[in-house]
file entry-v9.cif (mmCIF, C-alpha atoms)
data_structure
#
loop_
_atom_site.label_atom_id
_atom_site.label_comp_id
_atom_site.auth_asym_id
_atom_site.auth_seq_id
_atom_site.Cartn_x
_atom_site.Cartn_y
_atom_site.Cartn_z
CA MET A 1 -11.99 -135.13 -69.23
CA PHE A 2 -15.33 -136.74 -69.85
CA SER A 3 -18.33 -136.25 -67.59
CA TYR A 4 -21.86 -137.56 -67.70
CA LEU A 5 -23.09 -134.46 -65.90
CA SER A 6 -23.46 -131.09 -67.55
CA PRO A 7 -22.45 -127.86 -65.77
CA GLU A 8 -26.19 -127.19 -65.40
CA ASP A 9 -26.53 -130.41 -63.38
CA ARG A 10 -23.57 -129.54 -61.15
CA VAL A 11 -24.98 -126.20 -59.93
CA PRO A 12 -27.30 -126.81 -56.95
CA PRO A 13 -30.96 -125.96 -57.62
CA ASP A 14 -31.04 -123.52 -54.71
CA HIS A 15 -27.81 -121.70 -55.57
CA PRO A 16 -28.23 -117.88 -55.37
CA LEU A 17 -26.84 -117.41 -58.89
CA ARG A 18 -29.75 -119.34 -60.45
CA PRO A 19 -32.38 -116.58 -59.98
CA ILE A 20 -29.79 -113.97 -60.92
CA ARG A 21 -29.08 -115.88 -64.12
CA LEU A 22 -32.80 -115.80 -64.98
CA MET A 23 -32.84 -112.03 -64.43
CA VAL A 24 -29.77 -111.70 -66.64
CA ASP A 25 -31.47 -113.77 -69.36
CA ASP A 26 -34.46 -111.41 -69.32
CA ALA A 27 -32.24 -108.31 -69.42
CA LEU A 28 -30.26 -109.73 -72.34
CA LYS A 29 -33.47 -110.40 -74.30
CA VAL A 30 -34.44 -106.75 -73.94
CA LEU A 31 -30.99 -105.58 -75.05
CA SER A 32 -30.48 -108.09 -77.88
CA PRO A 33 -31.38 -105.61 -80.68
CA ALA A 34 -28.55 -103.36 -79.49
CA PHE A 35 -26.11 -106.29 -79.59
CA LYS A 36 -26.71 -106.91 -83.27
CA ARG A 37 -25.21 -103.50 -84.05
CA LEU A 38 -22.04 -104.42 -82.14
CA TYR A 39 -21.17 -107.45 -84.25
CA SER A 40 -18.89 -106.93 -87.21
CA ALA A 41 -19.30 -108.79 -90.51
CA PHE A 42 -15.52 -109.12 -90.90
CA GLY A 43 -12.38 -109.45 -88.78
CA ARG A 44 -11.65 -111.72 -85.86
CA PRO A 45 -14.59 -112.96 -83.85
CA SER A 46 -15.15 -110.83 -80.77
CA ILE A 47 -16.43 -111.89 -77.37
CA PRO A 48 -20.23 -112.15 -77.54
CA PRO A 49 -21.63 -109.18 -75.58
CA GLU A 50 -23.98 -111.50 -73.70
CA LYS A 51 -21.08 -113.51 -72.28
CA LEU A 52 -19.03 -110.42 -71.61
CA LEU A 53 -21.83 -108.80 -69.61
CA ARG A 54 -22.38 -111.99 -67.62
CA ALA A 55 -18.66 -112.05 -66.79
CA LEU A 56 -18.76 -108.38 -65.75
CA LEU A 57 -21.64 -109.10 -63.41
CA LEU A 58 -19.67 -111.95 -61.83
CA GLN A 59 -16.72 -109.59 -61.42
CA VAL A 60 -18.90 -107.17 -59.48
CA LEU A 61 -20.81 -109.78 -57.45
CA PHE A 62 -17.67 -111.64 -56.38
CA THR A 63 -15.43 -108.52 -56.21
CA VAL A 64 -12.82 -109.92 -58.56
CA ARG A 65 -10.10 -107.27 -58.57
CA SER A 66 -8.98 -107.41 -62.19
CA GLU A 67 -9.82 -108.76 -65.61
CA ARG A 68 -6.76 -110.99 -65.43
CA LEU A 69 -8.04 -112.60 -62.21
CA LEU A 70 -11.51 -112.87 -63.72
CA MET A 71 -10.14 -114.76 -66.74
CA GLU A 72 -8.23 -117.05 -64.37
CA ALA A 73 -11.39 -117.75 -62.37
CA LEU A 74 -13.36 -118.39 -65.57
CA ASN A 75 -10.72 -120.89 -66.59
CA TYR A 76 -11.14 -123.16 -63.55
CA ASN A 77 -14.37 -122.18 -61.76
CA LEU A 78 -17.20 -124.37 -63.02
CA LEU A 79 -19.86 -122.13 -61.46
CA PHE A 80 -18.49 -119.08 -63.30
CA ARG A 81 -18.29 -121.01 -66.59
CA TRP A 82 -21.92 -122.11 -66.18
CA PHE A 83 -23.12 -118.58 -65.41
CA VAL A 84 -21.29 -117.03 -68.38
CA GLY A 85 -22.26 -119.84 -70.76
CA LEU A 86 -18.84 -121.31 -71.50
CA ASN A 87 -18.54 -125.00 -72.33
CA MET A 88 -16.07 -127.11 -70.37
CA ASP A 89 -13.64 -127.27 -73.30
CA GLU A 90 -14.15 -123.69 -74.51
CA SER A 91 -11.09 -121.50 -74.07
CA VAL A 92 -11.25 -118.40 -71.93
CA TRP A 93 -10.48 -115.01 -73.45
CA VAL A 94 -7.20 -113.14 -73.14
CA ALA A 95 -7.54 -110.41 -70.51
CA THR A 96 -6.55 -107.59 -72.91
CA VAL A 97 -9.10 -108.74 -75.51
CA PHE A 98 -11.75 -108.90 -72.77
CA THR A 99 -10.86 -105.36 -71.64
CA LYS A 100 -11.06 -103.92 -75.16
CA ASN A 101 -14.45 -105.55 -75.75
CA ARG A 102 -15.66 -104.37 -72.33
CA ASP A 103 -14.67 -100.81 -73.18
CA ARG A 104 -16.87 -100.94 -76.31
CA LEU A 105 -19.86 -101.88 -74.15
CA LEU A 106 -19.08 -99.14 -71.64
CA GLU A 107 -18.71 -96.48 -74.34
CA GLY A 108 -21.96 -97.53 -75.98
CA ASP A 109 -23.81 -97.42 -72.64
CA ILE A 110 -24.86 -101.05 -73.18
CA ALA A 111 -23.31 -102.13 -69.87
CA GLU A 112 -25.15 -99.38 -68.00
CA LYS A 113 -28.48 -100.42 -69.53
CA PHE A 114 -27.76 -104.06 -68.71
CA PHE A 115 -26.96 -103.38 -65.05
CA ALA A 116 -30.01 -101.11 -64.77
CA GLN A 117 -32.24 -103.89 -66.18
CA VAL A 118 -30.90 -106.46 -63.71
CA LEU A 119 -31.18 -104.02 -60.81
CA GLU A 120 -34.76 -103.14 -61.75
CA GLN A 121 -35.72 -106.81 -61.79
CA ALA A 122 -34.04 -107.42 -58.43
CA GLN A 123 -35.94 -104.47 -56.95
CA GLY A 124 -39.20 -105.73 -58.45
CA ALA A 125 -38.63 -109.15 -56.90
CA ASN A 126 -37.87 -107.49 -53.54
CA LEU A 127 -34.38 -108.99 -53.47
CA LEU A 128 -32.59 -105.81 -52.40
CA SER A 129 -32.28 -104.45 -48.92
CA ASP A 130 -31.08 -101.10 -47.64
CA GLU A 131 -30.20 -102.54 -44.23
CA HIS A 132 -26.60 -103.42 -45.06
CA PHE A 133 -24.38 -102.92 -48.04
CA SER A 134 -20.68 -103.47 -48.40
CA VAL A 135 -18.39 -103.33 -51.38
CA ASP A 136 -14.70 -103.28 -52.11
CA GLY A 137 -13.88 -99.58 -52.40
CA THR A 138 -10.96 -100.21 -54.73
CA LEU A 139 -13.35 -101.77 -57.24
CA ILE A 140 -15.55 -98.66 -57.15
CA GLU A 141 -12.51 -96.44 -57.63
CA ALA A 142 -11.35 -98.52 -60.58
CA TRP A 143 -14.77 -98.35 -62.28
CA ALA A 144 -15.17 -94.66 -61.48
CA SER A 145 -11.85 -93.81 -63.04
CA GLN A 146 -12.71 -95.53 -66.34
CA LYS A 147 -14.19 -92.40 -67.93
CA SER A 148 -12.41 -89.79 -65.81
CA PHE A 149 -8.93 -90.61 -67.09
CA ARG A 150 -7.40 -87.84 -69.22
CA THR A 151 -4.06 -87.56 -70.92
CA ALA A 152 -1.75 -84.65 -70.09
CA ALA A 153 -2.65 -83.01 -73.43
CA GLU A 154 -6.37 -83.01 -72.56
CA ARG A 155 -5.91 -81.19 -69.22
#
call {"tool": "encode", "arguments": {"input": "entry-v9.cif", "output": "C-alpha coordinates"}}
result
Amino acid sequence: MFSYLSPEDRVPPDHPLRPIRLMVDDALKVLSPAFKRLYSAFGRPSIPPEKLLRALLLQVLFTVRSERLLMEALNYNLLFRWFVGLNMDESVWVATVFTKNRDRLLEGDIAEKFFAQVLEQAQGANLLSDEHFSVDGTLIEAWASQKSFRTAAER
(Lines of atoms letter the chains of each structure in order from A and count residues from 1; the text may use other names and numbers.)
(Lines give C-alpha, C1' and ligand atoms only; values in the text may rest on other atoms or scores of the structure.)
Protein backbone atom coordinates (compact mmCIF):
# COMPACT_ATOMS: atom_id res chain seq x y z
CA MET A 1 0.00 0.00 0.00
CA PHE A 2 1.30 3.41 -0.90
CA SER A 3 0.00 6.62 0.64
CA TYR A 4 0.90 10.24 0.16
CA LEU A 5 -0.16 11.00 3.72
CA SER A 6 1.90 10.08 6.75
CA PRO A 7 0.28 8.70 9.93
CA GLU A 8 0.99 12.11 11.48
CA ASP A 9 -1.21 13.74 8.82
CA ARG A 10 -4.03 11.25 9.38
CA VAL A 11 -4.45 11.98 13.11
CA PRO A 12 -6.76 14.99 13.56
CA PRO A 13 -5.05 18.05 15.09
CA ASP A 14 -7.55 18.15 17.95
CA HIS A 15 -7.37 14.45 18.81
CA PRO A 16 -7.03 13.89 22.60
CA LEU A 17 -3.98 11.65 22.13
CA ARG A 18 -1.93 14.52 20.66
CA PRO A 19 -1.37 16.37 23.99
CA ILE A 20 -0.87 13.04 25.74
CA ARG A 21 1.79 12.14 23.19
CA LEU A 22 3.62 15.41 23.97
CA MET A 23 3.52 14.59 27.68
CA VAL A 24 4.85 11.12 26.92
CA ASP A 25 7.68 12.63 24.84
CA ASP A 26 8.69 14.82 27.80
CA ALA A 27 8.55 11.90 30.25
CA LEU A 28 10.66 9.75 27.94
CA LYS A 29 13.31 12.48 27.67
CA VAL A 30 13.63 12.52 31.46
CA LEU A 31 13.91 8.72 31.60
CA SER A 32 16.20 8.25 28.59
CA PRO A 33 19.40 7.79 30.68
CA ALA A 34 17.75 4.82 32.41
CA PHE A 35 16.87 3.28 29.03
CA LYS A 36 20.49 3.16 27.93
CA ARG A 37 21.22 0.68 30.73
CA LEU A 38 18.44 -1.60 29.47
CA TYR A 39 19.89 -2.11 26.00
CA SER A 40 22.18 -5.07 25.47
CA ALA A 41 25.24 -4.95 23.21
CA PHE A 42 24.57 -8.50 21.97
CA GLY A 43 21.66 -10.87 21.31
CA ARG A 44 18.43 -10.29 19.47
CA PRO A 45 17.15 -6.74 19.30
CA SER A 46 14.59 -6.06 22.00
CA ILE A 47 11.56 -3.81 21.87
CA PRO A 48 12.70 -0.22 22.44
CA PRO A 49 11.53 0.77 25.95
CA GLU A 50 10.09 4.01 24.58
CA LYS A 51 7.74 2.15 22.25
CA LEU A 52 6.89 -0.43 24.86
CA LEU A 53 5.91 2.23 27.40
CA ARG A 54 3.79 4.04 24.81
CA ALA A 55 2.00 0.76 24.05
CA LEU A 56 1.44 0.13 27.78
CA LEU A 57 -0.12 3.56 28.14
CA LEU A 58 -2.47 2.82 25.24
CA GLN A 59 -3.39 -0.47 26.90
CA VAL A 60 -4.39 1.39 30.05
CA LEU A 61 -6.13 4.33 28.34
CA PHE A 62 -8.19 2.13 26.03
CA THR A 63 -8.60 -0.76 28.54
CA VAL A 64 -7.20 -3.37 26.20
CA ARG A 65 -7.63 -6.62 28.13
CA SER A 66 -4.47 -8.47 27.12
CA GLU A 67 -1.12 -8.11 25.41
CA ARG A 68 -2.36 -10.35 22.62
CA LEU A 69 -5.27 -7.99 21.92
CA LEU A 70 -2.94 -5.01 22.19
CA MET A 71 -0.62 -6.50 19.54
CA GLU A 72 -3.65 -7.15 17.33
CA ALA A 73 -4.80 -3.54 17.71
CA LEU A 74 -1.28 -2.26 16.99
CA ASN A 75 -1.29 -4.32 13.82
CA TYR A 76 -4.33 -2.62 12.27
CA ASN A 77 -5.09 0.56 14.25
CA LEU A 78 -3.36 3.49 12.56
CA LEU A 79 -3.91 5.76 15.58
CA PHE A 80 -2.16 3.25 17.88
CA ARG A 81 0.72 2.81 15.42
CA TRP A 82 1.17 6.59 15.25
CA PHE A 83 1.14 6.97 19.04
CA VAL A 84 3.67 4.16 19.59
CA GLY A 85 5.90 5.27 16.71
CA LEU A 86 5.54 2.27 14.40
CA ASN A 87 5.83 2.77 10.64
CA MET A 88 3.07 1.46 8.40
CA ASP A 89 5.21 -1.45 7.20
CA GLU A 90 6.90 -2.19 10.53
CA SER A 91 5.91 -5.53 12.02
CA VAL A 92 4.24 -5.70 15.40
CA TRP A 93 5.86 -7.66 18.21
CA VAL A 94 4.90 -11.15 19.32
CA ALA A 95 2.78 -10.94 22.47
CA THR A 96 5.13 -13.16 24.53
CA VAL A 97 8.17 -11.07 23.56
CA PHE A 98 6.23 -7.92 24.47
CA THR A 99 5.31 -9.42 27.86
CA LYS A 100 8.89 -10.42 28.68
CA ASN A 101 10.18 -6.95 27.78
CA ARG A 102 7.35 -5.34 29.77
CA ASP A 103 8.30 -7.40 32.82
CA ARG A 104 11.87 -6.02 32.64
CA LEU A 105 10.49 -2.48 32.80
CA LEU A 106 8.19 -3.35 35.68
CA GLU A 107 10.96 -5.02 37.68
CA GLY A 108 13.29 -2.07 37.12
CA ASP A 109 10.59 0.41 38.22
CA ILE A 110 10.99 2.22 34.89
CA ALA A 111 7.28 1.81 34.07
CA GLU A 112 6.29 3.24 37.45
CA LYS A 113 8.52 6.28 36.94
CA PHE A 114 7.14 6.75 33.44
CA PHE A 115 3.50 6.67 34.54
CA ALA A 116 4.30 8.99 37.45
CA GLN A 117 5.93 11.49 35.05
CA VAL A 118 2.92 11.48 32.71
CA LEU A 119 0.49 11.77 35.62
CA GLU A 120 2.44 14.67 37.11
CA GLN A 121 2.33 16.53 33.79
CA ALA A 122 -1.40 15.89 33.41
CA GLN A 123 -1.99 17.24 36.93
CA GLY A 124 0.18 20.27 36.19
CA ALA A 125 -1.84 21.00 33.05
CA ASN A 126 -5.07 20.61 35.06
CA LEU A 127 -6.24 17.75 32.85
CA LEU A 128 -7.38 15.49 35.67
CA SER A 129 -10.65 15.64 37.51
CA ASP A 130 -11.82 13.94 40.67
CA GLU A 131 -15.47 14.28 39.69
CA HIS A 132 -15.74 10.94 37.89
CA PHE A 133 -13.42 8.05 37.35
CA SER A 134 -14.12 4.64 35.92
CA VAL A 135 -11.87 1.77 35.02
CA ASP A 136 -12.14 -1.87 34.11
CA GLY A 137 -11.68 -3.68 37.43
CA THR A 138 -10.29 -6.78 35.75
CA LEU A 139 -7.42 -4.72 34.37
CA ILE A 140 -6.58 -3.44 37.86
CA GLU A 141 -6.69 -6.99 39.22
CA ALA A 142 -4.40 -8.20 36.45
CA TRP A 143 -1.84 -5.44 37.09
CA ALA A 144 -2.09 -5.85 40.86
CA SER A 145 -1.38 -9.55 40.65
CA GLN A 146 1.81 -9.04 38.62
CA LYS A 147 4.07 -8.84 41.68
CA SER A 148 1.86 -10.71 44.15
CA PHE A 149 2.06 -14.05 42.35
CA ARG A 150 4.00 -16.70 44.29
CA THR A 151 4.78 -20.29 43.52
CA ALA A 152 3.69 -23.03 45.93
CA ALA A 153 7.31 -23.39 47.13
CA GLU A 154 7.47 -19.70 48.12
CA ARG A 155 4.35 -19.84 50.33
call {"tool": "residues_around", "arguments": {"input": "entry-v9.cif", "residues": "A:Pro48", "least_positions_apart": "3", "cutoff": "12 Å", "atoms": "all atoms listed in the file", "output": "ChimeraX atom specification"}}
result
/A:28,32,35-40,44-45,51-55,84-86,93,97-98,101-102,104-105
call {"tool": "atom_distance", "arguments": {"input": "entry-v9.cif", "atom1": "atom CA of A:Asp25", "atom2": "atom CA of A:Leu70"}}
result
20.8 Å
call {"tool": "atom_distance", "arguments": {"input": "entry-v9.cif", "atom1": "atom CA of A:Glu72", "atom2": "atom CA of A:Phe114"}}
result
23.9 Å
call {"tool": "closest_residue", "arguments": {"input": "entry-v9.cif", "among": "A:Ala95, A:Leu79, A:Glu120, A:Leu5", "to": "A:Leu58", "atoms": "only C-alpha atoms"}}
result
A:Leu79
call {"tool": "atom_distance", "arguments": {"input": "entry-v9.cif", "atom1": "atom CA of A:Thr99", "atom2": "atom CA of A:Val11"}}
result
27.8 Å
call {"tool": "closest_residue", "arguments": {"input": "entry-v9.cif", "among": "A:Gln123, A:Gln117, A:Thr63, A:Asn87", "to": "A:Thr138", "atoms": "all atoms listed in the file"}}
result
A:Thr63
call {"tool": "closest_residue", "arguments": {"input": "entry-v9.cif", "among": "A:Ala27, A:Ala111, A:Leu78, A:Leu119", "to": "A:Arg10", "atoms": "only C-alpha atoms"}}
result
A:Leu78
call {"tool": "resolve_selection", "arguments": {"input": "entry-v9.cif", "expression": "the PyMOL selection byres ((chain A and resi 17) around 10)", "output": "list in words"}}
result
Val11, Pro12, Pro13, Asp14, His15, Pro16, Arg18, Pro19, Ile20, Arg21, Leu22, Met23, Leu58, Leu61, Leu79, Phe80, Trp82 and Phe83 of chain A
call {"tool": "residues_around", "arguments": {"input": "entry-v9.cif", "residues": "A:Lys100", "least_positions_apart": "6", "cutoff": "12 Å", "atoms": "only C-alpha atoms", "output": "ChimeraX atom specification"}}
result
/A:46-47,49,52,67,93-94,106-107
call {"tool": "write_last_selection", "arguments": {"input": "entry-v9.cif", "atoms": "C-alpha atoms", "output": "tab-separated table (two decimals), keeping the file's coordinate frame"}}
result
chain	number	residue	atom	x	y	z
A	46	SER	CA	-15.15	-110.83	-80.77
A	47	ILE	CA	-16.43	-111.89	-77.37
A	49	PRO	CA	-21.63	-109.18	-75.58
A	52	LEU	CA	-19.03	-110.42	-71.61
A	67	GLU	CA	-9.82	-108.76	-65.61
A	93	TRP	CA	-10.48	-115.01	-73.45
A	94	VAL	CA	-7.20	-113.14	-73.14
A	106	LEU	CA	-19.08	-99.14	-71.64
A	107	GLU	CA	-18.71	-96.48	-74.34
call {"tool": "closest_residue", "arguments": {"input": "entry-v9.cif", "among": "A:Ile110, A:Val92, A:Leu128, A:Leu31", "to": "A:Ala73", "atoms": "only C-alpha atoms"}}
result
A:Val92
call {"tool": "closest_residue", "arguments": {"input": "entry-v9.cif", "among": "A:Met88, A:Leu74, A:Val30, A:Ala125", "to": "A:Leu56", "atoms": "only C-alpha atoms"}}
result
A:Leu74
call {"tool": "axis_aligned_box", "arguments": {"input": "entry-v9.cif", "around": "stretch 111-125 of chain A", "padding_each_side": "3 Å", "output": "AutoDock Vina command-line options"}}
result
--center_x -31.3 --center_y -104.3 --center_z -63.4 --size_x 21.9 --size_y 15.8 --size_z 19.0
